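Q: Before anything else, here's the structure in question.
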Amino acid sequence: QLKKTEVVPLLMEWFVQQQQIICANPTEVAAKLRKMVAGGARKTVVISDFDYTLSRFANEKGERLSTTHGVFDDNVMRLNPALGQQFVDLKNKYYPIEFCPILTQEEKIPHMEKWWGTSHSLIVNEKFSKNTIEDFVRQSRIVFKDGAEDFIQSLDAHNIPLVIFSAGIGNIIEYFLEQKLGAIPRNTHFISNMILFDEEEKACAFSEPLIHTFCKNSSVIQKETSFFHEINGRVNVILLGDSMGDIHMDVGVERDGPTLKVGYYNGSLDDTAALKHYEEVYDIVLIHDPTLDVAQKIVDMIN
Ligand code: C5P
């Protein structure tokens, strides 16, 4: 059994040895880790994005895998190509805007609202049934990062709440977890866009407020929810994300402890400006990492 003072230097040493890890300010990271180790599991909450954070960005052949919204693009294309094409056209139009390096967030927001709003209307107008959507998920190209199942189960085992904060579709994440883990672990909570079903279990609306990439912060958190009380007093946050929209997911959690931000970089290595930006906003940047090893090691250290 290692002493609490020994674990942080060992983890920092391991970080240095891993090629895919960039840690721009190791002194600050070590200081945050020391506070987290001192606080232990009881003081910790994990706030994580889903698409391309808990799920993989690409398969072994380098082919792009699916987001939660992408589940509709793929499956609808198979069943109803004209409608499927509408989903794909939306993605082709708006995805480049989401990641455009020139536009400001303020300039992007109306486009994101249009993208999410239009694709949600397509889903509601088609009145997809819950069963159909569960089937879509079964046949989808959403793949967990290596170690994600164990990571989620180990958080549950140690009573560390996991908040999955996603601008994707929460029901798709729920069905995916149910299919992969057998059930949603008790510790897992969702802040996401939820499809609401009518009495015949057909999609009839989406939850409000709409959550898109650039409003993942306290503005969309309903503070009366039971889990918000559950995470009260958990002053240390481990934040996992893959985009610039994920870095404020901890805003709204009232506390004075540190947030350790771990960012999964899925972009091009030639895009040095983007990489530099990730290094500035995330404490630890993981380059093209298809695993949850780093997050798991941090949690193991805290327990
Ligand atoms: O928050 P999260 O990373 O899960 O965001 C969901 C992602 O889903 C966005 O980054 C966006 O690129 C994608 N999206 C999509 N189709 C839509 C709306 C969003 O693929 N209709």
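Identifiers in this document derive from the order of the structure tokens: chains are assigned A, B, ..., residues are numbered from 1 separately in each chain, and ligands are numbered from 1 in order of occurrence.
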Write out as JSON lines a residue-level contact list of chain A versus ligand 1 with cut-off 6 Å: for each qualifying residue the closest pair of atoms and the distance in Å to one decimal, counting only C-alpha atoms and all ligand atoms, rows sorted by chain and residue number upward.

A:
```
{"residue": "A:Asp49", "atom": "CA", "partner": "ligand 1", "partner_atom_place_in_ligand_line": "1 (O)", "distance": 5.7}
{"residue": "A:Phe50", "atom": "CA", "partner": "ligand 1", "partner_atom_place_in_ligand_line": "4 (O)", "distance": 5.0}
{"residue": "A:Asp51", "atom": "CA", "partner": "ligand 1", "partner_atom_place_in_ligand_line": "4 (O)", "distance": 4.2}
{"residue": "A:Thr67", "atom": "CA", "partner": "ligand 1", "partner_atom_place_in_ligand_line": "20 (O)", "distance": 5.6}
{"residue": "A:His69", "atom": "CA", "partner": "ligand 1", "partner_atom_place_in_ligand_line": "16 (N)", "distance": 4.5}
{"residue": "A:Gly70", "atom": "CA", "partner": "ligand 1", "partner_atom_place_in_ligand_line": "20 (O)", "distance": 5.1}
{"residue": "A:Lys91", "atom": "CA", "partner": "ligand 1", "partner_atom_place_in_ligand_line": "16 (N)", "distance": 5.9}
{"residue": "A:Tyr95", "atom": "CA", "partner": "ligand 1", "partner_atom_place_in_ligand_line": "12 (O)", "distance": 5.6}
{"residue": "A:Trp115", "atom": "CA", "partner": "ligand 1", "partner_atom_place_in_ligand_line": "21 (N)", "distance": 5.8}
{"residue": "A:Trp116", "atom": "CA", "partner": "ligand 1", "partner_atom_place_in_ligand_line": "18 (C)", "distance": 4.9}
{"residue": "A:Ser119", "atom": "CA", "partner": "ligand 1", "partner_atom_place_in_ligand_line": "21 (N)", "distance": 4.9}
{"residue": "A:Ser166", "atom": "CA", "partner": "ligand 1", "partner_atom_place_in_ligand_line": "1 (O)", "distance": 3.9}
{"residue": "A:Ala167", "atom": "CA", "partner": "ligand 1", "partner_atom_place_in_ligand_line": "1 (O)", "distance": 3.6}
{"residue": "A:Gly168", "atom": "CA", "partner": "ligand 1", "partner_atom_place_in_ligand_line": "6 (C)", "distance": 4.1}
{"residue": "A:Thr213", "atom": "CA", "partner": "ligand 1", "partner_atom_place_in_ligand_line": "1 (O)", "distance": 5.4}
```

Q: As a PyMOL selection string, list the residues of stretch 10-122 of chain A assigned to strand (DSSP E) by DSSP on the backbone atoms of this structure.

A: chain A and resi 21-22+44-48

Q: Fewer than 6 positions away in the same chain doesn't count, so skip those; otherwise give me all residues within 7 Å of A:Arg234, counting only C-alpha atoms, as a PyMOL selection string.

A: chain A and resi 42-45

Q: Using only C-alpha atoms, which of the listed residues (A:Phe227, A:Phe128, A:Phe176, A:Phe57) sits closest to A:Glu200?

A: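 Selected residue with least distance to A:Glu200: A:Phe128.
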
Q: Please run DSSP on the backbone and report, as a ChimeraX atom specification, all residues within stretch 16-102 of chain A that come out as alpha helix (DSSP H).

A: /A:16-17,26-39,70-79,81-98

Q: Using only C-alpha atoms, which residues of stretch 154-239 of chain A come within 12 Å of stretch 29-40 of chain A, and what is the closest atom pair for each, with the distance in Å to one decimal? Give it as a tab-separated table, sorted by chain and residue number.

A:
```
residue	atom	partner	partner_atom	distance
A:His158	CA	A:Gly40	CA	10.1
A:Asn159	CA	A:Gly40	CA	11.0
A:Ile160	CA	A:Gly40	CA	9.8
A:Gly233	CA	A:Gly39	CA	10.8
A:Arg234	CA	A:Gly39	CA	9.0
A:Val235	CA	A:Gly39	CA	8.4
A:Asn236	CA	A:Met36	CA	6.1
A:Val237	CA	A:Met36	CA	8.4
A:Ile238	CA	A:Met36	CA	9.1
```

Q: Neighbouring residues of A:Val299 were defined as those with any atom within 9 Å, considering only C-alpha atoms; residues of the same chain fewer than 6 positions away were excluded. Please report them as an MDAnalysis selection string.

A: chainID A and resid 41 151 154:155 238

Q: Would you mind listing what lies within 10 Å of A:Lys127 as a VMD selection string, with only C-alpha atoms counted and same-chain residues fewer than 5 positions away left out?

A: chain A and resid 121 to 122 197 to 198 201 to 205

Q: Mind pulling up the distance from atom CA of A:Gly267 to atom CA of A:Arg56?

A: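 Atom-to-atom, atom CA of A:Arg56 and atom CA of A:Gly267 are spaced 13.1 Å apart.
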
Q: Would you pick out the contacts of A:Ile247 at 8 Å or less, using only C-alpha atoms, so that residues sharing its chain but fewer than 3 positions from it are not included, and give the list as a list of chain:residue names?

A: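 Residues meeting the cut-off are A:Leu239, A:Gly241, A:Ser243, A:Met244, A:Asp250, A:Lys261, A:Val281, A:Tyr282.
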
Q: Residues near A:Met12, anyone? I mean within 10 Å using only C-alpha atoms, not counting same-chain ones fewer than 3 positions away, as JSON, numbers by chain.

A: {"A": [7, 8, 9, 15, 16, 17, 23, 26, 27, 29, 30, 33]}

Q: Please determine, counting only C-alpha atoms, which residue among A:Ile142, A:Ala295, A:Ala148, A:Leu90 has the shortest atom-to-atom distance to A:Leu54.

A: A:Ala148

Q: What is the distance, in Å and to one decimal place, between atom CA of A:Glu279 and atom CA of A:Ser55?

A: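 A separation of 21.3 Å between them.
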
Q: Looking at A:His229, A:Arg255, A:Arg64, A:Lys276, which one is nearest to A:Arg141, with distances taken over only C-alpha atoms?

A: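 Using only C-alpha atoms, the shortest distance to A:Arg141 belongs to A:Arg64.
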
Q: Rank nothing, just name the residue among A:Ile231, A:Asp135, A:Thr104, A:Asn125 nearest to A:Pro161, using only C-alpha atoms.

A: A:Ile231

Q: For A:Asn171, which residue among A:Asp156, A:Asp283, A:Glu134, A:Asp246 is the nearest when counting only C-alpha atoms?

A: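 Of the candidates, the smallest distance to A:Asn171 is held by A:Glu134.
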